[in-house]
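Asks: Enclosed is the structure file entry_30.tsv (TSV, C-alpha atoms).
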```tsv
chain	number	residue	atom	x	y	z
A	1	MET	CA	65.58	107.61	128.55
A	2	SER	CA	66.77	105.69	125.51
A	3	SER	CA	70.27	104.30	125.30
A	4	PRO	CA	73.01	106.27	123.57
A	5	THR	CA	73.42	105.59	119.87
A	6	ILE	CA	76.88	104.25	119.12
A	7	THR	CA	78.59	103.64	115.80
A	8	ILE	CA	80.84	100.59	115.49
A	9	GLU	CA	83.48	100.26	112.82
A	10	ILE	CA	83.63	96.71	111.46
A	11	PRO	CA	86.89	95.12	110.24
A	12	THR	CA	86.89	94.31	106.52
A	13	PRO	CA	86.41	90.50	106.70
A	14	LEU	CA	83.48	90.80	109.12
A	15	ARG	CA	81.49	93.06	106.83
A	16	SER	CA	80.09	89.99	105.11
A	17	PHE	CA	78.13	89.52	108.36
A	18	THR	CA	76.87	93.13	108.50
A	19	ASP	CA	75.32	93.40	105.05
A	20	ASP	CA	78.64	94.84	103.77
A	21	GLN	CA	78.38	97.85	106.04
A	22	ALA	CA	81.71	99.27	107.26
A	23	THR	CA	80.02	100.95	110.21
A	24	VAL	CA	76.82	100.01	111.97
A	25	GLU	CA	74.72	101.85	114.53
A	26	VAL	CA	73.79	100.18	117.78
A	27	GLU	CA	72.52	101.25	121.18
A	28	GLY	CA	74.22	100.89	124.52
A	29	ALA	CA	75.25	102.83	127.61
A	30	THR	CA	78.43	100.78	127.99
A	31	VAL	CA	80.80	98.97	125.64
A	32	ASP	CA	79.34	95.67	126.83
A	33	GLU	CA	75.80	96.77	126.01
A	34	ALA	CA	76.82	98.14	122.62
A	35	LEU	CA	78.57	94.87	121.68
A	36	ASP	CA	75.59	92.86	122.94
A	37	ASP	CA	73.34	94.90	120.69
A	38	LEU	CA	75.76	94.43	117.79
A	39	VAL	CA	75.73	90.64	118.00
A	40	ALA	CA	71.96	90.65	118.56
A	41	ARG	CA	71.56	92.52	115.27
A	42	TYR	CA	74.22	90.50	113.44
A	43	PRO	CA	74.35	87.07	115.17
A	44	ASP	CA	76.97	85.66	112.79
A	45	LEU	CA	79.51	88.08	114.27
A	46	LYS	CA	79.34	86.46	117.67
A	47	SER	CA	81.66	83.50	117.14
A	48	ASN	CA	84.20	85.78	115.49
A	49	LEU	CA	84.32	88.17	118.43
A	50	TYR	CA	83.67	85.89	121.41
A	51	THR	CA	84.98	82.56	122.63
A	52	GLU	CA	82.55	79.76	123.50
A	53	ASP	CA	82.87	80.95	127.12
A	54	GLY	CA	81.49	84.34	126.16
A	55	GLU	CA	84.78	86.21	126.57
A	56	LEU	CA	86.02	88.62	123.92
A	57	ARG	CA	88.68	86.81	121.93
A	58	GLN	CA	92.19	87.65	123.04
A	59	PHE	CA	93.13	89.34	119.76
A	60	VAL	CA	90.02	91.54	119.73
A	61	ASN	CA	90.61	95.08	120.93
A	62	ILE	CA	87.89	97.68	121.28
A	63	TYR	CA	88.63	101.37	120.89
A	64	ALA	CA	86.29	104.15	122.00
A	65	GLY	CA	87.37	107.02	119.83
A	66	ASP	CA	91.17	106.87	120.01
A	67	ASP	CA	91.30	105.08	123.36
A	68	ASP	CA	91.78	101.38	123.93
A	69	ILE	CA	89.04	100.48	126.43
A	70	ARG	CA	91.58	98.37	128.34
A	71	TYR	CA	92.97	101.65	129.62
A	72	LEU	CA	89.48	102.96	130.45
A	73	ASP	CA	86.99	100.75	132.29
A	74	GLY	CA	87.17	97.80	129.93
A	75	THR	CA	83.81	96.61	128.67
A	76	ASP	CA	82.17	98.57	131.53
A	77	THR	CA	83.36	101.83	129.91
A	78	ALA	CA	80.43	104.24	129.76
A	79	LEU	CA	79.52	105.58	126.34
A	80	GLU	CA	77.97	108.85	125.26
A	81	ASP	CA	75.62	109.38	122.38
A	82	GLY	CA	77.64	109.41	119.16
A	83	THR	CA	80.70	107.57	120.48
A	84	ALA	CA	82.59	105.77	117.72
A	85	LEU	CA	83.72	102.29	118.70
A	86	SER	CA	86.08	100.29	116.55
A	87	ILE	CA	86.97	96.62	116.57
A	88	VAL	CA	90.72	96.31	116.09
A	89	PRO	CA	92.61	93.03	115.86
A	90	SER	CA	96.10	92.62	117.23
A	91	ILE	CA	98.08	90.37	114.94
A	92	ALA	CA	100.65	87.84	116.02
A	93	GLY	CA	102.14	84.54	114.98
A	94	GLY	CA	105.25	82.55	114.51
B	95	MET	CA	94.08	86.24	96.37
B	96	GLN	CA	94.41	88.31	93.22
B	97	THR	CA	97.54	90.46	93.07
B	98	THR	CA	100.46	91.60	90.94
B	99	PRO	CA	104.05	90.35	90.60
B	100	ASP	CA	105.15	93.73	92.06
B	101	VAL	CA	103.29	93.06	95.30
B	102	LEU	CA	104.82	89.60	95.66
B	103	ASP	CA	108.27	91.05	94.91
B	104	ALA	CA	107.75	93.76	97.54
B	105	ILE	CA	106.92	91.13	100.16
B	106	ARG	CA	110.01	89.09	99.23
B	107	THR	CA	112.22	92.18	99.33
B	108	HIS	CA	110.95	93.09	102.80
B	109	ALA	CA	111.53	89.51	103.98
B	110	ALA	CA	115.10	89.50	102.70
B	111	GLU	CA	115.86	92.87	104.30
B	112	GLY	CA	114.58	91.72	107.66
B	113	TYR	CA	116.33	88.34	107.71
B	114	PRO	CA	117.11	86.64	110.07
B	115	GLU	CA	114.16	88.18	111.90
B	116	GLU	CA	110.55	87.76	110.92
B	117	ILE	CA	109.07	90.74	109.12
B	118	CYS	CA	105.40	91.61	108.86
B	119	GLY	CA	102.95	93.96	107.25
B	120	PHE	CA	99.50	94.38	105.79
B	121	LEU	CA	97.99	93.47	102.45
B	122	LEU	CA	95.97	96.39	101.14
B	123	GLY	CA	93.25	96.33	98.55
B	124	THR	CA	89.62	95.34	98.39
B	125	MET	CA	87.46	92.34	99.16
B	126	GLN	CA	85.49	91.62	95.99
B	127	GLU	CA	82.86	88.89	96.10
B	128	GLY	CA	84.90	86.72	98.41
B	129	THR	CA	88.25	87.33	96.70
B	130	ASN	CA	90.93	89.49	98.28
B	131	VAL	CA	92.39	91.76	95.62
B	132	VAL	CA	95.75	93.01	96.88
B	133	THR	CA	97.18	96.08	95.18
B	134	ALA	CA	99.78	97.26	97.72
B	135	ILE	CA	101.53	96.36	100.94
B	136	HIS	CA	102.11	98.39	104.09
B	137	ARG	CA	105.22	97.50	106.08
B	138	VAL	CA	105.00	97.54	109.85
B	139	ASP	CA	107.63	96.92	112.50
B	140	ASN	CA	107.73	93.55	114.18
B	141	GLU	CA	107.04	94.72	117.73
B	142	GLN	CA	107.68	91.36	119.33
B	143	ASP	CA	110.11	91.96	122.21
B	144	THR	CA	112.10	88.76	122.05
B	145	ASN	CA	112.61	85.81	119.69
B	146	ARG	CA	111.90	87.90	116.60
B	147	GLU	CA	113.48	85.13	114.51
B	148	ARG	CA	110.44	82.99	115.33
B	149	ARG	CA	107.63	85.37	116.35
B	150	TYR	CA	105.98	88.54	115.14
B	151	LEU	CA	103.56	90.99	116.71
B	152	ILE	CA	101.53	93.89	115.33
B	153	PRO	CA	99.78	95.75	118.16
B	154	PRO	CA	96.34	97.29	117.65
B	155	GLY	CA	97.77	100.82	117.48
B	156	ALA	CA	99.83	99.85	114.45
B	157	PHE	CA	96.75	98.29	112.89
B	158	ARG	CA	94.84	101.55	113.33
B	159	ASP	CA	97.68	103.59	111.84
B	160	ALA	CA	97.89	101.27	108.83
B	161	GLN	CA	94.14	101.35	108.37
B	162	GLN	CA	94.14	105.13	108.39
B	163	ALA	CA	96.97	105.24	105.83
B	164	ALA	CA	95.21	102.67	103.66
B	165	ARG	CA	91.97	104.57	103.72
B	166	THR	CA	93.55	107.75	102.38
B	167	GLU	CA	94.59	105.65	99.35
B	168	GLY	CA	91.11	104.16	99.02
B	169	HIS	CA	92.24	100.76	100.29
B	170	ASP	CA	91.15	98.39	103.04
B	171	ILE	CA	93.29	96.00	105.02
B	172	VAL	CA	92.49	92.62	103.47
B	173	GLY	CA	95.28	90.56	104.93
B	174	ILE	CA	98.58	90.19	106.70
B	175	TYR	CA	101.95	88.96	105.51
B	176	HIS	CA	104.92	87.72	107.50
B	177	SER	CA	108.12	85.82	106.85
B	178	HIS	CA	109.37	82.43	108.00
B	179	PRO	CA	113.17	82.68	108.17
B	180	ASP	CA	114.68	79.27	107.36
B	181	HIS	CA	111.27	77.67	107.69
B	182	PRO	CA	108.66	76.53	105.13
B	183	ALA	CA	106.01	78.97	103.86
B	184	GLU	CA	103.25	77.22	105.76
B	185	PRO	CA	101.29	78.40	108.80
B	186	SER	CA	102.86	77.26	112.05
B	187	GLU	CA	100.96	76.02	115.09
B	188	THR	CA	101.53	79.47	116.61
B	189	ASP	CA	100.06	81.09	113.50
B	190	LEU	CA	96.93	78.99	113.94
B	191	GLN	CA	96.62	79.62	117.69
B	192	GLN	CA	96.96	83.37	117.25
B	193	ALA	CA	94.98	83.77	114.04
B	194	THR	CA	92.43	86.59	113.89
B	195	PHE	CA	89.36	86.72	111.64
B	196	PRO	CA	88.54	84.28	108.85
B	197	GLY	CA	88.45	86.27	105.62
B	198	TYR	CA	91.85	87.88	105.91
B	199	THR	CA	94.50	86.53	103.58
B	200	TYR	CA	97.56	85.37	105.51
B	201	ALA	CA	100.54	85.50	103.14
B	202	ILE	CA	103.75	83.77	104.22
B	203	VAL	CA	107.13	84.04	102.54
B	204	SER	CA	109.97	81.72	103.43
B	205	VAL	CA	113.54	83.02	103.51
B	206	ASP	CA	116.30	80.49	103.04
B	207	ALA	CA	119.68	81.69	104.38
B	208	GLY	CA	118.75	85.27	103.50
B	209	THR	CA	117.27	84.57	100.07
B	210	PRO	CA	113.49	84.93	99.79
B	211	GLN	CA	111.71	81.91	98.38
B	212	GLU	CA	108.09	81.20	97.58
B	213	CYS	CA	105.18	83.23	98.86
B	214	THR	CA	102.04	81.32	99.79
B	215	ALA	CA	98.60	82.50	100.91
B	216	TRP	CA	96.21	81.02	103.45
B	217	GLN	CA	92.73	81.53	104.86
B	218	LEU	CA	91.64	80.60	108.35
B	219	ALA	CA	88.75	78.11	108.20
B	220	PRO	CA	85.47	79.52	109.59
B	221	ASP	CA	85.63	77.10	112.52
B	222	ARG	CA	89.23	78.24	113.22
B	223	SER	CA	90.46	74.63	113.15
B	224	ARG	CA	93.02	75.04	110.33
B	225	PHE	CA	94.38	77.21	107.57
B	226	ASP	CA	93.45	76.35	103.99
B	227	GLU	CA	95.80	77.33	101.19
B	228	GLU	CA	94.46	80.11	99.00
B	229	PRO	CA	95.62	80.24	95.38
B	230	ILE	CA	97.58	83.34	94.36
B	231	HIS	CA	96.58	84.67	90.96
B	232	THR	CA	98.66	87.42	89.38
B	233	GLU	CA	97.83	89.78	86.56
B	234	ALA	CA	100.75	88.38	84.60
B	235	GLU	CA	99.11	84.96	84.60
B	236	ALA	CA	95.74	86.37	83.69
B	237	SER	CA	97.10	88.15	80.62
B	238	ARG	CA	98.90	85.09	79.29
```
Written as structure tokens, that's how I'd like the structure from this file.
Replies:
Amino acid sequence: MSSPTITIEIPTPLRSFTDDQATVEVEGATVDEALDDLVARYPDLKSNLYTEDGELRQFVNIYAGDDDIRYLDGTDTALEDGTALSIVPSIAGG
Amino acid sequence: MQTTPDVLDAIRTHAAEGYPEEICGFLLGTMQEGTNVVTAIHRVDNEQDTNRERRYLIPPGAFRDAQQAARTEGHDIVGIYHSHPDHPAEPSETDLQQATFPGYTYAIVSVDAGTPQECTAWQLAPDRSRFDEEPIHTEAEASR
């Protein structure tokens, strides 16, 4: 069985790394797998989304549909074919 | 950053209204060949719980709401603005530590004893080590 096809919405400044596409299609049965596929297809995204230790950056939030995956199963959240993921920054400063 | 005097005035007005707390919001427009063209702003509440005179916070839910509103107007979120009450219009160490993606314009307006001062714009370096100042060009200048 092939992995579910997932669409991922890309924040405006990262579209320069995705051939100017606002949404891209990837494959993955979990959020983790979908993001892995995303950075495999568009390697320049990786340092923007992940720290050098391979953790998602603190300000990076992932939504599956309208739900923050933190309140689901985190990056282990299972995805169905056609799920729309979005990458949403939280903004803070002084 | 390419914008209009009206946008800069709107940021200053918001900053003055919110003084002595920090205010924040989004810069809306389009990214055109590496330049952020800002045609409007979208105010958001500073959702920082404490120390709002020195900190600001925009949670992801507010980002999504703003993005949705922007999209209905044909805009994208191309940057963020916030105020520095009684503090220079330069990124602070906290701004650098908590910066998001390179490519967004970070506009900062200083407010001196309640009166808004200059507005500056900054871009996070690709290696996240610093902010570089980004020139602000307005239509008024271009037509001179």
Asks: For Ala164 in chain B, work out the shell of residues within 9 Å, counting all atoms listed in the file and skipping chain neighbours fewer than 6 positions away, then give it as JSON, numbers by chain.
Replies: {"B": [122, 123, 136, 170, 171]}
Asks: Neighbouring residues of Lys46 in chain A were defined as those with any atom within 10 Å, considering all atoms listed in the file; residues of the same chain fewer than 4 positions away were excluded. Please report them as a ChimeraX atom specification.
Replies: /A:17,35-36,38-40,42,50-52,54,56
Asks: Distance table requested - range 180-220 of chain B against range 71-92 of chain A, cut-off 12 Å, all atoms listed in the file: one row per qualifying residue with the closest atom pair and its distance in Å to one decimal, ordered by chain and rising residue number, as CSV.
Replies:
```
residue,atom,partner,partner_atom,distance
B:Pro185,CA,A:Ala92,CA,11.9
B:Ser186,CA,A:Ala92,CA,11.5
B:Glu187,CA,A:Ala92,CA,11.9
B:Thr188,CA,A:Ala92,CA,8.4
B:Asp189,CA,A:Ala92,CA,7.2
B:Leu190,CA,A:Ala92,CA,9.8
B:Gln191,CA,A:Ala92,CA,9.3
B:Gln192,CA,A:Ala92,CA,5.9
B:Ala193,CA,A:Ala92,CA,7.3
B:Thr194,CA,A:Pro89,CA,6.7
B:Phe195,CA,A:Pro89,CA,8.3
B:Pro196,CA,A:Pro89,CA,11.9
B:Tyr198,CA,A:Pro89,CA,11.2
B:Tyr200,CA,A:Ile91,CA,10.7
```
Asks: By how many Å are CA of Thr18 in chain A and CA of Pro43 in chain A apart?
Replies: 9.4 Å
Asks: Could you list the residues in chain A lying within 9 Å of chain B, using all atoms listed in the file, and format the result as a list in words?
Replies: Pro11, Thr12, Pro13, Leu14, Ser16, Ser47, Asn48, Leu49, Arg57, Gln58, Phe59, Val60, Asn61, Asp68, Val88, Pro89, Ser90, Ile91, Ala92, Gly93 and Gly94 of chain A
Asks: Quick one: distance from CA of Leu121 in chain B to CA of Leu102 in chain B in Å, one decimal?
Replies: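 That distance, rounded to one decimal, is 10.4 Å.
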Asks: For CA of Asp44 in chain A and CA of Ile6 in chain A, quote the distance in Å rounded to one decimal.
Replies: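 Between CA of Asp44 in chain A and CA of Ile6 in chain A the gap works out to 19.6 Å.
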Asks: Quick one: range 8-37 of chain A with N, CA and C atoms, as an mmCIF file, in the frame of the given file?
Replies:
```cif
data_model
loop_
_atom_site.group_PDB
_atom_site.id
_atom_site.type_symbol
_atom_site.label_atom_id
_atom_site.label_comp_id
_atom_site.auth_asym_id
_atom_site.auth_seq_id
_atom_site.Cartn_x
_atom_site.Cartn_y
_atom_site.Cartn_z
ATOM 1 N N ILE A 8 79.757 101.578 115.357
ATOM 2 C CA ILE A 8 80.840 100.590 115.490
ATOM 3 C C ILE A 8 81.451 100.345 114.128
ATOM 4 N N GLU A 9 82.763 100.525 114.056
ATOM 5 C CA GLU A 9 83.480 100.260 112.820
ATOM 6 C C GLU A 9 83.823 98.769 112.756
ATOM 7 N N ILE A 10 83.511 98.164 111.630
ATOM 8 C CA ILE A 10 83.630 96.710 111.460
ATOM 9 C C ILE A 10 84.863 96.399 110.605
ATOM 10 N N PRO A 11 85.739 95.501 111.063
ATOM 11 C CA PRO A 11 86.890 95.120 110.240
ATOM 12 C C PRO A 11 86.454 94.511 108.904
ATOM 13 N N THR A 12 87.267 94.701 107.878
ATOM 14 C CA THR A 12 86.890 94.310 106.520
ATOM 15 C C THR A 12 86.295 92.894 106.412
ATOM 16 N N PRO A 13 86.949 91.842 106.966
ATOM 17 C CA PRO A 13 86.410 90.500 106.700
ATOM 18 C C PRO A 13 85.089 90.219 107.406
ATOM 19 N N LEU A 14 84.737 91.038 108.398
ATOM 20 C CA LEU A 14 83.480 90.800 109.120
ATOM 21 C C LEU A 14 82.292 91.527 108.478
ATOM 22 N N ARG A 15 82.584 92.318 107.463
ATOM 23 C CA ARG A 15 81.490 93.060 106.830
ATOM 24 C C ARG A 15 80.535 92.155 106.072
ATOM 25 N N SER A 16 81.004 90.935 105.766
ATOM 26 C CA SER A 16 80.090 89.990 105.110
ATOM 27 C C SER A 16 78.963 89.596 106.065
ATOM 28 N N PHE A 17 79.164 89.849 107.364
ATOM 29 C CA PHE A 17 78.130 89.520 108.360
ATOM 30 C C PHE A 17 77.269 90.731 108.716
ATOM 31 N N THR A 18 77.626 91.906 108.172
ATOM 32 C CA THR A 18 76.870 93.130 108.500
ATOM 33 C C THR A 18 76.308 93.774 107.236
ATOM 34 N N ASP A 19 75.878 92.915 106.309
ATOM 35 C CA ASP A 19 75.320 93.400 105.050
ATOM 36 C C ASP A 19 76.285 94.354 104.337
ATOM 37 N N ASP A 20 77.577 94.052 104.431
ATOM 38 C CA ASP A 20 78.640 94.840 103.770
ATOM 39 C C ASP A 20 78.767 96.264 104.293
ATOM 40 N N GLN A 21 78.230 96.515 105.463
ATOM 41 C CA GLN A 21 78.380 97.850 106.040
ATOM 42 C C GLN A 21 79.698 97.951 106.815
ATOM 43 N N ALA A 22 80.439 99.042 106.568
ATOM 44 C CA ALA A 22 81.710 99.270 107.260
ATOM 45 C C ALA A 22 81.483 99.794 108.669
ATOM 46 N N THR A 23 80.390 100.512 108.862
ATOM 47 C CA THR A 23 80.020 100.950 110.210
ATOM 48 C C THR A 23 78.547 100.651 110.426
ATOM 49 N N VAL A 24 78.225 100.269 111.647
ATOM 50 C CA VAL A 24 76.820 100.010 111.970
ATOM 51 C C VAL A 24 76.462 100.807 113.226
ATOM 52 N N GLU A 25 75.198 101.128 113.346
ATOM 53 C CA GLU A 25 74.720 101.850 114.530
ATOM 54 C C GLU A 25 74.056 100.870 115.472
ATOM 55 N N VAL A 26 74.397 101.016 116.744
ATOM 56 C CA VAL A 26 73.790 100.180 117.780
ATOM 57 C C VAL A 26 73.423 101.094 118.942
ATOM 58 N N GLU A 27 72.828 100.474 119.981
ATOM 59 C CA GLU A 27 72.520 101.250 121.180
ATOM 60 C C GLU A 27 73.179 100.605 122.391
ATOM 61 N N GLY A 28 73.639 101.434 123.309
ATOM 62 C CA GLY A 28 74.220 100.890 124.520
ATOM 63 C C GLY A 28 74.830 101.985 125.369
ATOM 64 N N ALA A 29 74.675 101.845 126.690
ATOM 65 C CA ALA A 29 75.250 102.830 127.610
ATOM 66 C C ALA A 29 76.673 102.473 128.013
ATOM 67 N N THR A 30 77.060 101.221 127.724
ATOM 68 C CA THR A 30 78.430 100.780 127.990
ATOM 69 C C THR A 30 78.928 100.011 126.763
ATOM 70 N N VAL A 31 80.238 99.753 126.735
ATOM 71 C CA VAL A 31 80.800 98.970 125.640
ATOM 72 C C VAL A 31 80.137 97.598 125.595
ATOM 73 N N ASP A 32 79.972 96.984 126.752
ATOM 74 C CA ASP A 32 79.340 95.670 126.830
ATOM 75 C C ASP A 32 77.952 95.682 126.191
ATOM 76 N N GLU A 33 77.166 96.690 126.552
ATOM 77 C CA GLU A 33 75.800 96.770 126.010
ATOM 78 C C GLU A 33 75.826 97.000 124.500
ATOM 79 N N ALA A 34 76.745 97.842 124.051
ATOM 80 C CA ALA A 34 76.820 98.140 122.620
ATOM 81 C C ALA A 34 77.199 96.881 121.830
ATOM 82 N N LEU A 35 78.160 96.102 122.376
ATOM 83 C CA LEU A 35 78.570 94.870 121.680
ATOM 84 C C LEU A 35 77.458 93.829 121.725
ATOM 85 N N ASP A 36 76.740 93.778 122.854
ATOM 86 C CA ASP A 36 75.590 92.860 122.940
ATOM 87 C C ASP A 36 74.561 93.193 121.863
ATOM 88 N N ASP A 37 74.313 94.482 121.697
ATOM 89 C CA ASP A 37 73.340 94.900 120.690
ATOM 90 C C ASP A 37 73.860 94.566 119.291
#
```
